[in-house]
Structure formats: C-alpha cells, structure tokens
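K.L.:
Structure in structure tokens, see below.
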Amino acid sequence: MRKRIASVLLAFLVSACASGEPGEGQLIADPYENVNREIHSFNKGIDTAVVNPASKAYDFVTPALGKFLISNALSHLTLPGAFANHVMQGDLGDAGETLARFTLNTVLGAAGFLDPATEFGADYIETDFGLTLAEWGVGTGAFLELPLFGPSTTRDAVGRVVDSIFVPTGYLVGSDVVWGVRALDLLDTRDRYRALIDDVLYESEDSYRASRNAYIQNRRSVQAGETQIEALPDIFIE
Amino acid sequence: MHIDRRSFLARGTAALGLGTAVLGGALPLRALAATAEQAQAHVVQTVEEVLLLVQAPGVAETKAPQLRQIMEQRASMPQIAQAAAGIAWRQMTPDQQARFTDAFADYIARIYARRFQEYEGQQIQVTGVRDAGQKGHLVQSSVIGGGAPISVEWLVSDRSGRVAINDIVIEGVSLVLTQREEMAQMLASRGSDVEALIAALG
C-alpha cells in the first residue's frame, strides 16, 4: 500500500515539477499565484487568530528550561527520518553524524530531552524528503502555498507527504500523540522563528510575496547546508 | 545547527579526539586574518550597542532614531538603500536618491526598533567567521531564546572605506534581498511613483 502511494506521488511529481521556469528576476515560478494568494490569506488569518496568540501563550507559560527540553525532544524525534533521507541522498557522512547524534542524545541525553551530542560535534543537520528528491535531480517545481502548512513548492509538498507517511513515531505511539506532538512542534517553531515570521507576515505590504521570497531563500540555504555567499547581493557593484 | 559544521568537525577529527572538539566550541578562532577578527569584533560591538539600547527604558518609537544612529555608524546604509532600491535607483534623480536613502534608513530603524523590543531576554553568541571572498567576511552567530538557536549571519567588509555591516542573514534569508523585493512591490503598487514610495517609507 505504501509503495503504491509512493509511486502515485512520484508520477504526480514528475508531471507537477515540469510546470514552468521562474520569470525574469523571480526566484521561483508561480503559475498558481491566484490560488496561492487565497490560501495565504487563509493561513495568515489562522496565524493572527490562533497560532500567533497560542505561541505567545506557550512562550509565556513555559519556562526557558522547559522550552529548551521540548525543543530538543521535538528535534530528536525527526532524527530517524533525517537519517533515512541522508542515506537516500548518498550522504553517509551526514547520515553517520545524525545516527551518532541520535544515539548520544538517546543514551546520554535523557531520551533526547538534553543535547550532549552538539557538544561532541554531532550537530543537527536538517534535511527532508524534498531535499532527497532535489538530490535525485527533481526540480523545485512551482511555488505552492499549502493550507495550514504555509509556503512550499510542488517538490517540497510531495516531500512533506512522504516524510509524514514514514514518520517513525507514528508506529510507536497512537495518532493522538502524533497530533499532540505536531501541535507542540507548530507552537515551538512559531515561537522560535518569531522574528522572521512576524517580519514576513506583518511588516511587509505584500506578505504573500515576502513569505514566498523568504521561503525560497531559506530552503536554498538548508539545501546547501549553509548560507550561500554567492547568493547574497553585492551591494557595492549594483 | 549547521553553523560552521565543517571547520568544527575538521578541528575535532584532526587526530585530537573528541575532547578537543568539545573545547573547540569555546576556544577563540585560530589564526584568522586581521580583517576576520575585525569583522567579528565589529559585530560583537554592534550587538552590545543594540542590546544596551533595547534594555534602556522607553518604548520602541523613541528608540528608533537612536537605532538609526547605530545603523548609520555600523552598517553601509547608503549602499544598502541603493541595493534595496534595485533597478528603480537608476530612475531616481540625485535628489530623490538622497531622500530615498534617508527615508529607507528611517523605515528600517522603525521596523527593527519594534522587533528588537519584543525579543528582549534572548542571548546572542558569535560562533564563527567564514571568508566571503570579495564580499568580506560572514560572521556567524546564534540567537538563543529557550528553544533551538536561530542562525544570524552578518556580512562585514571594509569596502566602504571603514569596517561595516553590509547585510544580515537570518536562517539563510538576506535582509537586502528581502528589502529589494519589498521596495519593488511597494513601488509597483504605487504605479512606479518614486515620490509616493519615499512618502510611504518616511
């Protein structure tokens, strides 16, 4: 069954990612802009009414130590998936470091609530199935704004679905727990990236355009593993 | 966090064992060119100045002019404004360019005075410096506010004749690129009227 879902997704992906090249001066093609903008307004409304206030409440009621422990645990839960993706990308160095991190923090870090691994040089190396597809040569595709999940691309959206199907925690605990973890993850993420998200959503005249731009810049740096210096504008020659 | 991971690991694996890797994070950066040290010192001093301002009593609105003063001293504001204006810069008269530069600095100072005020209590640590070639140095820092750290990088060079910040990159997102997009959008939504754009910023 899972195999069939994956092959249907891949078939969809091959067709979806063929959709257009970015126009002049654009970071990404956006043929679905009208629909995307509708979904963006919906998402922004949800953020204003629910997610942002809830994340502020989370920040207010949770002591710094609590946030630290929760953030560690949430990141720990993503490591098996990240390990699998590093392997699929053929990056055994990053896979090994991720495995070392998972082992160290499980054993010495109280099941992942603490993070001694970073001190040992086993850092968190962010990745996901969208980046695995990129490694396999699948193009970015078109920009997509997903309901509730926010900015994405056709490739990253497929990656998100695949990552969520294969999330290992789903097999270990009930679905209620999975949803609880997701809700907590959302609040933690909104809280941590408050500066960036507030800037994009509430300081820009066109928050759709600003969030699209920021998403693509951020994804490129995650894909490269670091900020790409050549992608930064040279303010002295322009 | 992927900050400076490669050099960090390289130090750790250089036949020195894990113990050194643990210390490595706390040791000062080794044998960097003078300009890298200057770049790092410049960022540290700027952060200290901004923190002093944020912690001082008063509301964001009254701090914006002081923040602008720090920005003018610490960053290449005229060049940043010009880069943010993008192709519109060439359509402006010298007088409009001067007024745009002034209004842009006000606009950025207002936004960030408000932002910084909200993030009081967070800590920032410089974690490394990358050579950015012609663009100078990228000073890497982590902002820690309870959860996992946020990556903030500072592009610093002395190309304006003095050591100055030329861009700030948060989680891979460049302030200059973001503002260039914003200025293009603001200008387009005002029928490419430069005067209307300047009025909206000021």
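In the structure tokens, each chain is lettered A, B, ... as it comes, each chain's residues begin at 1, and ligands are numbered from 1 in order of appearance.
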Assign secondary structure with DSSP using the backbone only, and return the residues of chain A in alpha helix (DSSP H) as a ChimeraX atom specification.
P.N.:
/A:2-16,33-46,52-61,64-77,79-88,92-107,116-119,129-135,154-165,169-172,175-192,194-202,207-224
K.L.:
Please provide as a ChimeraX atom specification all residues within 8 Å of segment 128-144 of chain A, with the sequence filter that same-chain residues fewer than 3 positions apart are discarded (counting only C-alpha atoms).
P.N.:
/A:14,16-20,28-32,36,81-82,85-86,88-89,151-160,162-163,212,223
K.L.:
When you count only C-alpha atoms, which of these residues is closest to chain A: B:Asp102, B:Glu72, B:Asp193, B:Glu118?
P.N.:
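Looking only at the distances to chain A, the closest residue turns out to be B:Glu118.
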K.L.:
Could you pull the residues within 12 Å of segment 60-74 of chain A, counting only C-alpha atoms, minus those fewer than 6 positions along the same chain, as a PyMOL selection string?
P.N.:
(chain A and resi 53-54+80+101-102+105-106+109-118+124+169+178+180-192) or (chain B and resi 1+121-123+144-149)
K.L.:
How would the residues just picked look written out with N, CA and C atoms as a compact mmCIF listing (two decimals), in the first residue's frame?
P.N.:
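Result went into part.txt, see below:
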# COMPACT_ATOMS: atom_id res chain seq x y z
N PRO A 53 -1.21 33.97 18.73
CA PRO A 53 -1.55 34.10 20.16
C PRO A 53 -1.20 32.85 20.96
N ALA A 54 -1.45 31.66 20.39
CA ALA A 54 -1.17 30.42 21.11
C ALA A 54 0.33 30.28 21.36
N PRO A 80 15.40 10.04 13.11
CA PRO A 80 15.33 8.83 12.29
C PRO A 80 14.98 9.15 10.83
N ARG A 101 24.35 11.38 16.63
CA ARG A 101 23.58 12.34 17.43
C ARG A 101 22.40 11.65 18.10
N PHE A 102 21.69 10.82 17.31
CA PHE A 102 20.52 10.13 17.84
C PHE A 102 20.92 9.21 19.00
N ASN A 105 22.21 11.30 22.14
CA ASN A 105 21.16 12.01 22.87
C ASN A 105 20.13 11.06 23.46
N THR A 106 19.96 9.88 22.85
CA THR A 106 19.04 8.90 23.44
C THR A 106 19.63 8.35 24.73
N GLY A 109 21.45 11.74 26.71
CA GLY A 109 20.65 12.97 26.75
C GLY A 109 19.23 12.73 27.21
N ALA A 110 19.04 11.76 28.10
CA ALA A 110 17.72 11.51 28.68
C ALA A 110 16.65 11.36 27.60
N ALA A 111 16.89 10.42 26.68
CA ALA A 111 15.93 10.09 25.61
C ALA A 111 15.68 11.27 24.68
N GLY A 112 16.64 12.20 24.60
CA GLY A 112 16.52 13.28 23.63
C GLY A 112 16.08 14.61 24.20
N PHE A 113 15.80 14.66 25.50
CA PHE A 113 15.40 15.94 26.09
C PHE A 113 16.61 16.85 26.32
N LEU A 114 17.77 16.24 26.41
CA LEU A 114 19.00 17.04 26.51
C LEU A 114 19.81 16.84 25.23
N ASP A 115 20.82 17.66 25.04
CA ASP A 115 21.55 17.61 23.78
C ASP A 115 23.06 17.60 24.00
N PRO A 116 23.61 16.52 24.60
CA PRO A 116 25.07 16.47 24.73
C PRO A 116 25.76 16.27 23.37
N ALA A 117 25.02 15.76 22.37
CA ALA A 117 25.65 15.43 21.08
C ALA A 117 26.28 16.65 20.42
N THR A 118 25.62 17.82 20.53
CA THR A 118 26.17 19.03 19.91
C THR A 118 27.55 19.33 20.49
N TYR A 124 22.98 18.89 14.49
CA TYR A 124 21.72 18.62 13.81
C TYR A 124 21.86 19.08 12.37
N THR A 169 7.61 7.83 14.58
CA THR A 169 6.89 7.92 15.85
C THR A 169 5.46 7.41 15.72
N VAL A 178 0.73 11.68 18.12
CA VAL A 178 1.35 12.28 16.94
C VAL A 178 0.79 13.68 16.72
N GLY A 180 -0.61 15.60 18.94
CA GLY A 180 -0.15 16.44 20.05
C GLY A 180 1.25 16.96 19.78
N VAL A 181 2.11 16.05 19.31
CA VAL A 181 3.49 16.43 19.01
C VAL A 181 3.51 17.47 17.89
N ARG A 182 2.65 17.27 16.89
CA ARG A 182 2.62 18.23 15.77
C ARG A 182 2.19 19.61 16.24
N ALA A 183 1.19 19.64 17.12
CA ALA A 183 0.70 20.92 17.62
C ALA A 183 1.81 21.63 18.41
N LEU A 184 2.50 20.86 19.23
CA LEU A 184 3.59 21.42 20.03
C LEU A 184 4.71 21.91 19.12
N ASP A 185 4.98 21.13 18.08
CA ASP A 185 6.02 21.48 17.12
C ASP A 185 5.68 22.81 16.44
N LEU A 186 4.40 22.97 16.11
CA LEU A 186 3.95 24.21 15.46
C LEU A 186 4.18 25.41 16.38
N LEU A 187 3.81 25.27 17.65
CA LEU A 187 3.97 26.38 18.60
C LEU A 187 5.45 26.69 18.81
N ASP A 188 6.24 25.62 18.94
CA ASP A 188 7.68 25.77 19.16
C ASP A 188 8.32 26.49 17.95
N THR A 189 7.94 26.06 16.75
CA THR A 189 8.50 26.66 15.54
C THR A 189 8.09 28.13 15.41
N ARG A 190 6.80 28.39 15.64
CA ARG A 190 6.30 29.77 15.52
C ARG A 190 7.01 30.68 16.53
N ASP A 191 7.25 30.12 17.72
CA ASP A 191 7.89 30.88 18.79
C ASP A 191 9.35 31.16 18.46
N ARG A 192 10.06 30.14 17.97
CA ARG A 192 11.49 30.30 17.70
C ARG A 192 11.75 31.24 16.53
N MET B 1 21.90 22.52 14.34
CA MET B 1 22.54 23.76 13.86
C MET B 1 23.69 23.39 12.94
N GLY B 121 15.74 39.67 26.26
CA GLY B 121 15.96 38.46 27.05
C GLY B 121 16.60 37.34 26.26
N GLN B 122 16.76 37.52 24.93
CA GLN B 122 17.44 36.49 24.16
C GLN B 122 18.94 36.77 24.15
N GLN B 123 19.70 35.69 24.02
CA GLN B 123 21.15 35.83 24.02
C GLN B 123 21.70 35.60 22.63
N ILE B 144 19.89 32.65 21.06
CA ILE B 144 19.33 31.61 21.92
C ILE B 144 18.25 32.21 22.80
N GLY B 145 17.05 31.69 22.67
CA GLY B 145 15.95 32.24 23.46
C GLY B 145 15.12 31.15 24.09
N GLY B 146 15.73 30.07 24.52
CA GLY B 146 14.98 28.98 25.12
C GLY B 146 15.02 27.75 24.24
N GLY B 147 14.41 27.82 23.07
CA GLY B 147 14.38 26.68 22.15
C GLY B 147 15.69 26.54 21.40
N ALA B 148 15.64 25.84 20.26
CA ALA B 148 16.84 25.67 19.45
C ALA B 148 17.30 27.03 18.94
N PRO B 149 18.62 27.20 18.78
CA PRO B 149 19.13 28.51 18.37
C PRO B 149 18.74 28.88 16.94
K.L.:
Any idea which chain A residues end up within 8 Å of chain B if we count only C-alpha atoms, as a PDB file with N, CA and C atoms, in the first residue's frame please?
P.N.:
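Writing the result to part05.pdb gives the following:
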ATOM      1  N   ALA A  64      12.106  28.933  30.313  1.00  0.00           N
ATOM      2  CA  ALA A  64      13.150  28.733  29.303  1.00  0.00           C
ATOM      3  C   ALA A  64      13.666  27.301  29.304  1.00  0.00           C
ATOM      4  N   LEU A  65      13.815  26.727  30.495  1.00  0.00           N
ATOM      5  CA  LEU A  65      14.308  25.346  30.565  1.00  0.00           C
ATOM      6  C   LEU A  65      13.312  24.387  29.909  1.00  0.00           C
ATOM      7  N   GLY A  66      12.040  24.612  30.154  1.00  0.00           N
ATOM      8  CA  GLY A  66      11.004  23.780  29.544  1.00  0.00           C
ATOM      9  C   GLY A  66      11.053  23.862  28.034  1.00  0.00           C
ATOM     10  N   LYS A  67      11.209  25.088  27.515  1.00  0.00           N
ATOM     11  CA  LYS A  67      11.279  25.273  26.065  1.00  0.00           C
ATOM     12  C   LYS A  67      12.497  24.573  25.485  1.00  0.00           C
ATOM     13  N   PHE A  68      13.581  24.657  26.232  1.00  0.00           N
ATOM     14  CA  PHE A  68      14.821  24.009  25.799  1.00  0.00           C
ATOM     15  C   PHE A  68      14.617  22.496  25.687  1.00  0.00           C
ATOM     16  N   LEU A  69      14.005  21.905  26.715  1.00  0.00           N
ATOM     17  CA  LEU A  69      13.789  20.454  26.733  1.00  0.00           C
ATOM     18  C   LEU A  69      12.828  20.036  25.615  1.00  0.00           C
ATOM     19  N   ILE A  70      11.746  20.800  25.454  1.00  0.00           N
ATOM     20  CA  ILE A  70      10.747  20.462  24.436  1.00  0.00           C
ATOM     21  C   ILE A  70      11.351  20.572  23.041  1.00  0.00           C
ATOM     22  N   SER A  71      12.095  21.668  22.830  1.00  0.00           N
ATOM     23  CA  SER A  71      12.709  21.886  21.525  1.00  0.00           C
ATOM     24  C   SER A  71      13.674  20.749  21.185  1.00  0.00           C
ATOM     25  N   ASN A  72      14.462  20.335  22.176  1.00  0.00           N
ATOM     26  CA  ASN A  72      15.380  19.210  21.977  1.00  0.00           C
ATOM     27  C   ASN A  72      14.622  17.941  21.616  1.00  0.00           C
ATOM     28  N   GLU A 119      27.704  19.104  21.816  1.00  0.00           N
ATOM     29  CA  GLU A 119      28.996  19.335  22.459  1.00  0.00           C
ATOM     30  C   GLU A 119      30.064  18.397  21.913  1.00  0.00           C
ATOM     31  N   PHE A 120      29.618  17.213  21.462  1.00  0.00           N
ATOM     32  CA  PHE A 120      30.568  16.246  20.905  1.00  0.00           C
ATOM     33  C   PHE A 120      30.769  16.442  19.399  1.00  0.00           C
ATOM     34  N   GLY A 121      30.201  17.491  18.856  1.00  0.00           N
ATOM     35  CA  GLY A 121      30.418  17.777  17.436  1.00  0.00           C
ATOM     36  C   GLY A 121      29.449  17.054  16.507  1.00  0.00           C
ATOM     37  N   ASP A 123      26.293  17.530  15.113  1.00  0.00           N
ATOM     38  CA  ASP A 123      25.285  18.577  15.008  1.00  0.00           C
ATOM     39  C   ASP A 123      23.998  18.071  14.372  1.00  0.00           C
ATOM     40  N   TYR A 124      22.977  18.895  14.493  1.00  0.00           N
ATOM     41  CA  TYR A 124      21.719  18.622  13.808  1.00  0.00           C
ATOM     42  C   TYR A 124      21.862  19.083  12.365  1.00  0.00           C
ATOM     43  N   ILE A 125      21.762  18.154  11.427  1.00  0.00           N
ATOM     44  CA  ILE A 125      21.872  18.523  10.019  1.00  0.00           C
ATOM     45  C   ILE A 125      20.508  18.339   9.382  1.00  0.00           C
ATOM     46  N   GLU A 126      19.844  19.473   9.199  1.00  0.00           N
ATOM     47  CA  GLU A 126      18.466  19.464   8.727  1.00  0.00           C
ATOM     48  C   GLU A 126      18.359  18.891   7.315  1.00  0.00           C
ATOM     49  N   ASP A 188       6.244  25.621  18.944  1.00  0.00           N
ATOM     50  CA  ASP A 188       7.684  25.775  19.156  1.00  0.00           C
ATOM     51  C   ASP A 188       8.319  26.486  17.953  1.00  0.00           C
ATOM     52  N   ARG A 192      10.063  30.139  17.972  1.00  0.00           N
ATOM     53  CA  ARG A 192      11.488  30.302  17.699  1.00  0.00           C
ATOM     54  C   ARG A 192      11.753  31.235  16.530  1.00  0.00           C
ATOM     55  N   TYR A 193      10.916  31.116  15.500  1.00  0.00           N
ATOM     56  CA  TYR A 193      11.126  31.943  14.308  1.00  0.00           C
ATOM     57  C   TYR A 193      10.281  33.206  14.346  1.00  0.00           C
ATOM     58  N   ALA A 195      10.810  36.304  15.028  1.00  0.00           N
ATOM     59  CA  ALA A 195      11.355  37.497  14.369  1.00  0.00           C
ATOM     60  C   ALA A 195      11.127  37.430  12.868  1.00  0.00           C
ATOM     61  N   LEU A 196      11.480  36.286  12.294  1.00  0.00           N
ATOM     62  CA  LEU A 196      11.402  36.122  10.849  1.00  0.00           C
ATOM     63  C   LEU A 196       9.954  36.101  10.371  1.00  0.00           C
ATOM     64  N   GLU A 203       5.150  42.916   8.658  1.00  0.00           N
ATOM     65  CA  GLU A 203       5.872  44.156   8.376  1.00  0.00           C
ATOM     66  C   GLU A 203       5.924  44.435   6.880  1.00  0.00           C
ATOM     67  N   SER A 204       5.423  43.503   6.091  1.00  0.00           N
ATOM     68  CA  SER A 204       5.510  43.658   4.648  1.00  0.00           C
ATOM     69  C   SER A 204       4.161  44.085   4.086  1.00  0.00           C
ATOM     70  N   GLU A 205       4.197  44.913   3.040  1.00  0.00           N
ATOM     71  CA  GLU A 205       2.931  45.326   2.416  1.00  0.00           C
ATOM     72  C   GLU A 205       2.283  44.164   1.678  1.00  0.00           C
ATOM     73  N   ASP A 206       3.119  43.269   1.149  1.00  0.00           N
ATOM     74  CA  ASP A 206       2.598  42.118   0.420  1.00  0.00           C
ATOM     75  C   ASP A 206       3.183  40.867   1.074  1.00  0.00           C
ATOM     76  N   ARG A 209       4.081  37.783  -1.134  1.00  0.00           N
ATOM     77  CA  ARG A 209       5.332  37.881  -1.879  1.00  0.00           C
ATOM     78  C   ARG A 209       6.540  37.758  -0.946  1.00  0.00           C
ATOM     79  N   ALA A 210       6.437  38.399   0.211  1.00  0.00           N
ATOM     80  CA  ALA A 210       7.550  38.352   1.178  1.00  0.00           C
ATOM     81  C   ALA A 210       7.777  36.933   1.688  1.00  0.00           C
ATOM     82  N   ASN A 213       9.386  34.749  -1.037  1.00  0.00           N
ATOM     83  CA  ASN A 213      10.799  35.096  -1.173  1.00  0.00           C
ATOM     84  C   ASN A 213      11.630  34.521  -0.026  1.00  0.00           C
ATOM     85  N   ALA A 214      11.135  34.679   1.206  1.00  0.00           N
ATOM     86  CA  ALA A 214      11.891  34.197   2.367  1.00  0.00           C
ATOM     87  C   ALA A 214      11.964  32.671   2.367  1.00  0.00           C
ATOM     88  N   GLN A 217      14.602  31.501  -0.195  1.00  0.00           N
ATOM     89  CA  GLN A 217      15.959  31.785   0.303  1.00  0.00           C
ATOM     90  C   GLN A 217      16.358  30.794   1.399  1.00  0.00           C
ATOM     91  N   ASN A 218      15.430  30.570   2.340  1.00  0.00           N
ATOM     92  CA  ASN A 218      15.721  29.659   3.453  1.00  0.00           C
ATOM     93  C   ASN A 218      15.948  28.229   2.959  1.00  0.00           C
ATOM     94  N   ARG A 219      15.112  27.755   2.048  1.00  0.00           N
ATOM     95  CA  ARG A 219      15.257  26.383   1.548  1.00  0.00           C
ATOM     96  C   ARG A 219      16.597  26.195   0.833  1.00  0.00           C
ATOM     97  N   ARG A 220      17.007  27.214   0.100  1.00  0.00           N
ATOM     98  CA  ARG A 220      18.285  27.091  -0.615  1.00  0.00           C
ATOM     99  C   ARG A 220      19.452  26.969   0.355  1.00  0.00           C
ATOM    100  N   SER A 221      19.375  27.700   1.456  1.00  0.00           N
ATOM    101  CA  SER A 221      20.480  27.610   2.414  1.00  0.00           C
ATOM    102  C   SER A 221      20.438  26.272   3.154  1.00  0.00           C
ATOM    103  N   VAL A 222      19.234  25.747   3.419  1.00  0.00           N
ATOM    104  CA  VAL A 222      19.127  24.429   4.058  1.00  0.00           C
ATOM    105  C   VAL A 222      19.675  23.366   3.109  1.00  0.00           C
ATOM    106  N   GLY A 225      23.301  23.454   3.078  1.00  0.00           N
ATOM    107  CA  GLY A 225      23.888  23.179   4.383  1.00  0.00           C
ATOM    108  C   GLY A 225      24.464  24.417   5.033  1.00  0.00           C
ATOM    109  N   GLU A 226      24.470  25.529   4.317  1.00  0.00           N
ATOM    110  CA  GLU A 226      24.962  26.788   4.872  1.00  0.00           C
ATOM    111  C   GLU A 226      24.502  27.918   3.946  1.00  0.00           C
ATOM    112  N   THR A 227      24.610  29.149   4.427  1.00  0.00           N
ATOM    113  CA  THR A 227      24.268  30.291   3.589  1.00  0.00           C
ATOM    114  C   THR A 227      25.215  30.331   2.396  1.00  0.00           C
ATOM    115  N   ILE A 229      27.212  32.185  -0.062  1.00  0.00           N
ATOM    116  CA  ILE A 229      27.731  33.542  -0.151  1.00  0.00           C
ATOM    117  C   ILE A 229      27.478  34.138  -1.539  1.00  0.00           C
ATOM    118  N   LEU A 232      24.215  35.954  -1.953  1.00  0.00           N
ATOM    119  CA  LEU A 232      23.998  37.238  -1.282  1.00  0.00           C
ATOM    120  C   LEU A 232      24.312  38.368  -2.253  1.00  0.00           C
ATOM    121  N   PRO A 233      23.484  39.418  -2.244  1.00  0.00           N
ATOM    122  CA  PRO A 233      23.741  40.515  -3.180  1.00  0.00           C
ATOM    123  C   PRO A 233      25.040  41.244  -2.831  1.00  0.00           C
ATOM    124  N   ASP A 234      25.752  41.677  -3.861  1.00  0.00           N
ATOM    125  CA  ASP A 234      26.946  42.501  -3.649  1.00  0.00           C
ATOM    126  C   ASP A 234      26.512  43.958  -3.737  1.00  0.00           C
ATOM    127  N   ILE A 235      26.362  44.601  -2.581  1.00  0.00           N
ATOM    128  CA  ILE A 235      25.774  45.940  -2.568  1.00  0.00           C
ATOM    129  C   ILE A 235      26.727  47.002  -3.120  1.00  0.00           C
ATOM    130  N   PHE A 236      27.978  46.607  -3.395  1.00  0.00           N
ATOM    131  CA  PHE A 236      28.915  47.622  -3.883  1.00  0.00           C
ATOM    132  C   PHE A 236      29.055  47.657  -5.402  1.00  0.00           C
ATOM    133  N   GLU A 238      26.143  47.117  -7.417  1.00  0.00           N
ATOM    134  CA  GLU A 238      24.824  47.187  -8.045  1.00  0.00           C
ATOM    135  C   GLU A 238      24.277  48.594  -8.012  1.00  0.00           C
TER     136      GLU A 238
END
K.L.:
Please determine, counting only C-alpha atoms, which residue among B:Ser192, B:Ser141, B:Gln91, B:Gln117 has the shortest atom-to-atom distance to Leu53 of chain B.
P.N.:
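Of B:Ser192, B:Ser141, B:Gln91, B:Gln117, the one nearest Leu53 of chain B is B:Gln117, counting only C-alpha atoms.
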K.L.:
Run DSSP on the backbone and tell me which residues of segment 28-165 of chain B come out as strand (DSSP E or B); list them as a ChimeraX atom specification.
P.N.:
/B:75,123-131,137-144,150-157,164-165
K.L.:
Next, the residues of the selection above should be written as a short mmCIF file (atom, residue, chain, number, x, y, z; two decimals), in the first residue's frame with C-alpha atoms.
P.N.:
data_model
loop_
_atom_site.label_atom_id
_atom_site.label_comp_id
_atom_site.auth_asym_id
_atom_site.auth_seq_id
_atom_site.Cartn_x
_atom_site.Cartn_y
_atom_site.Cartn_z
CA ALA B 75 26.35 49.46 8.56
CA GLN B 123 21.15 35.83 24.02
CA ILE B 124 23.45 36.06 21.03
CA GLN B 125 26.76 34.25 20.59
CA VAL B 126 29.27 34.60 17.79
CA THR B 127 30.08 31.06 16.61
CA GLY B 128 32.44 31.53 13.68
CA VAL B 129 33.60 33.57 10.72
CA ARG B 130 33.53 32.48 7.07
CA ASP B 131 35.63 34.04 4.36
CA HIS B 137 33.54 38.03 5.91
CA LEU B 138 30.36 36.32 7.04
CA VAL B 139 30.30 36.45 10.84
CA GLN B 140 28.10 33.66 12.17
CA SER B 141 26.08 33.93 15.35
CA SER B 142 23.40 32.04 17.24
CA VAL B 143 20.47 33.67 18.95
CA ILE B 144 19.33 31.61 21.92
CA ILE B 150 18.42 30.72 15.35
CA SER B 151 21.22 31.39 12.87
CA VAL B 152 22.01 35.07 12.29
CA GLU B 153 24.90 35.93 9.98
CA TRP B 154 26.48 39.31 9.35
CA LEU B 155 28.19 40.16 6.09
CA VAL B 156 31.00 42.53 7.02
CA SER B 157 33.68 44.24 4.92
CA ALA B 164 30.77 47.97 8.23
CA ILE B 165 27.84 45.51 8.08
#
K.L.:
What's around Ala199 of chain B at 10 Å? Count only C-alpha atoms, leave out sequence neighbours fewer than 6 positions away in its own chain, and write the answer as a VMD selection string.
P.N.:
chain B and resid 99 to 100 103
K.L.:
Take the residues from that selection and write them out as a PDB file, in the first residue's frame, keeping C-alpha atoms.
P.N.:
ATOM      1  CA  ARG B  99      15.678  61.396   0.060  1.00  0.00           C
ATOM      2  CA  PHE B 100      15.051  57.693  -0.594  1.00  0.00           C
ATOM      3  CA  ALA B 103      13.568  57.551   4.263  1.00  0.00           C
TER       4      ALA B 103
END
K.L.:
Between atom CA of Ile216 of chain A and atom CA of Thr127 of chain A, what is the distance in Å, rounded to a tenth?
P.N.:
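Spanning atom CA of Ile216 of chain A to atom CA of Thr127 of chain A is a straight-line distance of 14.9 Å.
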K.L.:
Pick out the closest residue to Val44 of chain B from this set: B:Arg74, B:Ala184, B:Arg114, B:Gly191. Count only C-alpha atoms.
P.N.:
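Using only C-alpha atoms, Val44 of chain B sits closest to B:Arg74.
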K.L.:
What does the distance between atom CA of Val47 of chain B and atom CA of Arg194 of chain A come to in Å, to one decimal place?
P.N.:
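So the two atoms, atom CA of Val47 of chain B and atom CA of Arg194 of chain A, lie 18.9 Å apart.
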